[in-house]
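Remarks on the structure that follows.
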Amino acid sequence: MTPTPVIEVDRLTKKFGRFTAVDDVSFAIHPGEIFGFLGPNGAGKSTTIRAILDLIRPTSGACRVLGLDSRRDAVEIHRRIGFLPSDLALWPSLTGRQTVEYLGGLRGGVDWTRVGELSERLGADLSRKVGEYSSGNRQKLGIVLAFMHSPRAVILDEPITGLDPLVQLEFHTLIREMADAGGTVFLSSHTISEVERVADRVAFIRRGHLIAVEQMAELQDKALRRITLEFGAPVPERAFRGIAGVHEVTVDGPTVAAQYEGSMAPLLAVATAHDVLSVSSASVDLDEIFLEFYRDEVEAAGDDRTTAGGRDGRVA
Amino acid sequence: MLRTVYLKSLRDRWLGAVIAVASLFAIAWMGLWAYADMGDEATDFISQMPEAYLSLLGITSDSGVAGLMLSNMFNFLGPFVIAGLGISMGAAAIAGEEAAGTMNVLGAMPRSRARLLRSKALAAATIVLVAGVAASASYVVAAALAGADVGSMDLAAATVHMLVVCLMFGSLSLALGAWTGNRALASGVGVGLVVLSFLASGLLPLFDGVASWAKASPWYWISGSQPMTTGIDWAPLVVLLAVTAVFVGTAWWGLVRRDLGAGAARAPILERLREDPRLGRIGAMLAGSASTRGIATKALTDLRPFLVVAGGAMLLQALVLGPLFSAMQRSAVNIGEVVDSMPESILAMVGFADFSTAEGWYFGELMTIVAPVAVAVIAINAGAALASEEKRRTVSVLATMPVSRRSLAIRKAAAIAVGSLVAGVALFAGVAGGSAIAGLGMDVAHIAAAGVLLAGLGTLLGSVAFVAGAVTGRVNVAIGASTGVAVLGWGINSFVPVNPDLADWARVSLFYYYAAGNPLEIGLTWWHLAVLVGVSAALVAVGVAAYSRRDLRG
């Protein structure tokens with residue numbers, strides 16, 4: 001039996017006029033999880049997050065956080081979680097320290113020891129005015145603001161924007177520590193490598209439709225790899241059909257390219273019956289995995305222009 | 001010239017200009033209609049008016065009531081509005097792009113800064129000229145609609161005089177914005193000089209010895225040479241145009257020499273000023289450091305620059321007006337006598353207070369225009385602050401704190417009432433102080449009533465901005481709606497009552513409940529205050545409810 005979800009999105013639909021930004025999306029995030037929320041720009045990631053936080057209201061469906069209703073119990077939810085908005089905007093005339101005081105005051109007080117630790121880890125400078133910050137420094141302040149009250153869950157919308165690689169690494173250590181201690185991290189991103197590096201589970205959203213939610217470990221297990229074989233002479237295509245675990249074989253004279261999952265052995269067994277000159281292999285990134293496994297869902301979401309012209313017209 | 005920059009600047013501003021011209025037309029039409037309805041009776045009164053008074057207004061006695069109304073439009077309301085457009089565009093031309101961060105893109109285009117400046121300046125000049133000409137044309141239409149005769153007045157000459165002065169003020173703000181990269185400074189100094197110049201040209205001629213100094217004030221030349229009766233006086237206009245050219249040249253010189261600012265970061269020249277220990281301290285005192293104690297206190301401290309400038313200006317003027325009044329009573333040119341010599345009905349008709357008493361003097365000089373503008377600036381900014389959190393997208397952070405939307409909105413609304421009250425206290429302190437200094441012996445309770453009613457007026461104007469911002473989430477709607485209500489309300493209350501048959505209609509204006517009967521004379525009318533406060537409370541309640549229900553922007 002699974003524990004009560006920390007964040008639960010239940011058949012969420014959000015329309016802006018005739019445009020449907022999020023369409024019947026459901027997922028649940030559990031304690032101790034880092035949940036990656038992956039999708040291209042404009043897929044509906046921020047709309048989903050803003051609905052969870054009660055900044056906007058669902059057209060239909062509901063969101064729950066820690067068992068509380070996102071609309072009725074918004075204040076209590078805000079008290080218990082931390083949030084870093086995408087493209088963070090703060091008050092330019094306040095210093096970093098004053099910003100912490102202001103927002104910390106609204107939370108009932110500031111734990112300066114915790115703020116000090118966080119600032120030191122990230123190298124955030126709180127002494128200057130926010131208007132004079134670089135985007136990276138503003139982002140560091142945003143992370144401090146999201147974590148300063150040791151929340152049980154954090155919602156992070158594009159958190160590593162503007163951060164240099166060392167700070168990114170420190171930030172990822174920070175969220176891993178939080179998850180290991182039983183906290184929950186909802187990480188929205190369009191950066192595949194980031195989600196791949198830190199997430200335990202990943203959801204893939206496209207054009208407002210949730211395509212799939214997968215365990216990262218399982219995904220990597222069945223991750224497709226790409227293999228290119230060079231033969232001494234042209235080989236017949238049918239020789240590579242029907243091999244266990246092999247998808248999408250293309251034969252171009254003596255060159256055979258294929259994608260496969262799981263063991264390479266059945267494919268190699270067939271290949272070695274011919275004169276193999278060279279073998280090269282590479283892993284396929286997360287986006288391609290999704291596109292491969294969920295081609296039908298992606299097409300149904302209207303991503304493929306040839307199959308979804310009508311939908312395009314309606315959405316526009 | 002860069003055609004795209006020019007056209008975009010026009011596109012950004014045409015709606016504001018159209019609204020400005022439409023408001024001027026509405027006021028002119030309302031006034032002319034109210035006067036015209038009075039028929040020969042009014043014309044007779046005009047012909048009885050002393051020559052000195054008519055010359056002050058720049059009209060001849062045979063131009064009739066229409067002349068009175070039109071000189072009001074040309075010499076007072078019109079130039080304020082048109083110069084305001086010019087200052088706003090001039091200040092934003094370069095500095096606005098820097099504040100928005102768009103200068104990074106614009107400045108990196110393969111076009112020189114000089115051409116950018118030229119395109120922006122031409123766009124500002126185009127808006128000013130077209131709006132000015134359209135406003136004048138609309139007065140002719142208004143006169144025709146109201147059946148008033150304007151045939152004897154040289155409106156073209158009056159338009160030319162007004163436009164040259166407005167262009168000069170616009171070019172000053174252009175130069176300041178181009179030099180400093182600070183839009184607030186450029187528009188603030190521009191508006192400040194317009195007000196100073198207006199006061200100088202109106203007050204200095206009342207005194208022997210300094211009367212001719214008024215000619216140094218640009219505003220004087222809008223009507224000083226009486227273009228409506230004598231036609232264009234080219235000599236001062238050439239001087240003003242030359243000054244305008246010098247300002248534009250200065251703008252170019254400053255712009256090509258300095259570093260361009262990017263986004264919210266301060267422009268280098270201000271940074272240097274701020275680093276100067278003495279100047280820095282003055283700047284920090286004025287801007288203050290925002291309070292971070294809570295939403296309401298932060299909202300109030302965000303208002304501090306407006307409170308200091310608008311409230312301070314009102315306080316100072318109120319203090320000076322007291323001694324000025326007693327000085328005038330002693331001087332040879334006694335405006336009290338001039339006013340006394342007019343028939344009582346004329347005074348009622350032109351809506352002027354009885355300048356022969358201290359209460360009337362303060363009412364006419366301070367409470368009809370300056371105090372409402374001061375409190376409106378403060379309260380409208382406070383009212384629009386809720387929507388501006390959405391515009392700046394800080395609402396994503398603020399509204400995800402453990403504070404309900406309702407509570408967030410109410411705390412923002414509290415700053416409207418407190419800010420307006422501060423303005424009311426400034427009025428009280430200034431008038432009471434001025435009266436005490438000059439020994440005018442005004443009734444302190446009546447002065448307090450004026451302060452309270454001013455606070456009520458501000459609260460209502462701020463509440464209009466609040467409800468518009470709370471419903472739409474748009475700052476420009478909040479400011480536009482409340483400014484529209486303020487201008488229309490002022491117009492209705494000032495011009496409709498001149499016709500006794502229509503006087504009751506003034507009650508639809510919020511200004512009626514602030515000014516009716518002159519609170520300095522009659523003290524507090526409780527139900528007037530109740531109307532101001534009650535309507536404000538209802539508007540805030542609607543705003544809070546709407547804000548709690550809708551999707552937030554940003």
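By convention in this document, the chains of the structure tokens carry letters A, B, ... by their order, each chain's residues are numbered from 1, and ligands are numbered from 1 in the order they are shown.
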Can I get the residues of chain B within 6 Å of chain A, each with the closest pair of atoms and their distance in Å to one decimal, using only C-alpha atoms, sorted chain first then ascending number, as JSON lines?
```
{"residue": "B:Ala264", "atom": "CA", "partner": "A:Gly131", "partner_atom": "CA", "distance": 5.2}
{"residue": "B:Ala265", "atom": "CA", "partner": "A:Glu132", "partner_atom": "CA", "distance": 5.2}
{"residue": "B:Thr292", "atom": "CA", "partner": "A:Tyr102", "partner_atom": "CA", "distance": 4.3}
{"residue": "B:Arg393", "atom": "CA", "partner": "A:Ala89", "partner_atom": "CA", "distance": 5.7}
{"residue": "B:Thr394", "atom": "CA", "partner": "A:Ala89", "partner_atom": "CA", "distance": 5.1}
{"residue": "B:Thr400", "atom": "CA", "partner": "A:His78", "partner_atom": "CA", "distance": 5.4}
{"residue": "B:Met401", "atom": "CA", "partner": "A:His78", "partner_atom": "CA", "distance": 5.4}
{"residue": "B:Pro402", "atom": "CA", "partner": "A:Val75", "partner_atom": "CA", "distance": 4.5}
{"residue": "B:Val403", "atom": "CA", "partner": "A:Val75", "partner_atom": "CA", "distance": 5.6}
{"residue": "B:Ser404", "atom": "CA", "partner": "A:Val75", "partner_atom": "CA", "distance": 5.6}
{"residue": "B:Asp551", "atom": "CA", "partner": "A:Ile56", "partner_atom": "CA", "distance": 4.0}
{"residue": "B:Leu552", "atom": "CA", "partner": "A:Leu55", "partner_atom": "CA", "distance": 5.5}
```
* Excluding stretch 172-184 of chain A and residues on its chain fewer than 2 positions from it, collect all residues at most 6 Å away from it, counting only C-alpha atoms, and give them as a PyMOL selection string. => chain A and resi 31-33+152-153+169-170
* To do: Give me every alpha helix (DSSP H) residue in stretch 77-171 of chain A, going by DSSP on the backbone, as a count of residues only.
  => 46
* Record the distance separating atom CA of B:Gly489 and atom CA of B:Phe511, expressed in Å with one decimal. =>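 Going from atom CA of B:Gly489 over to atom CA of B:Phe511 covers 6.0 Å.
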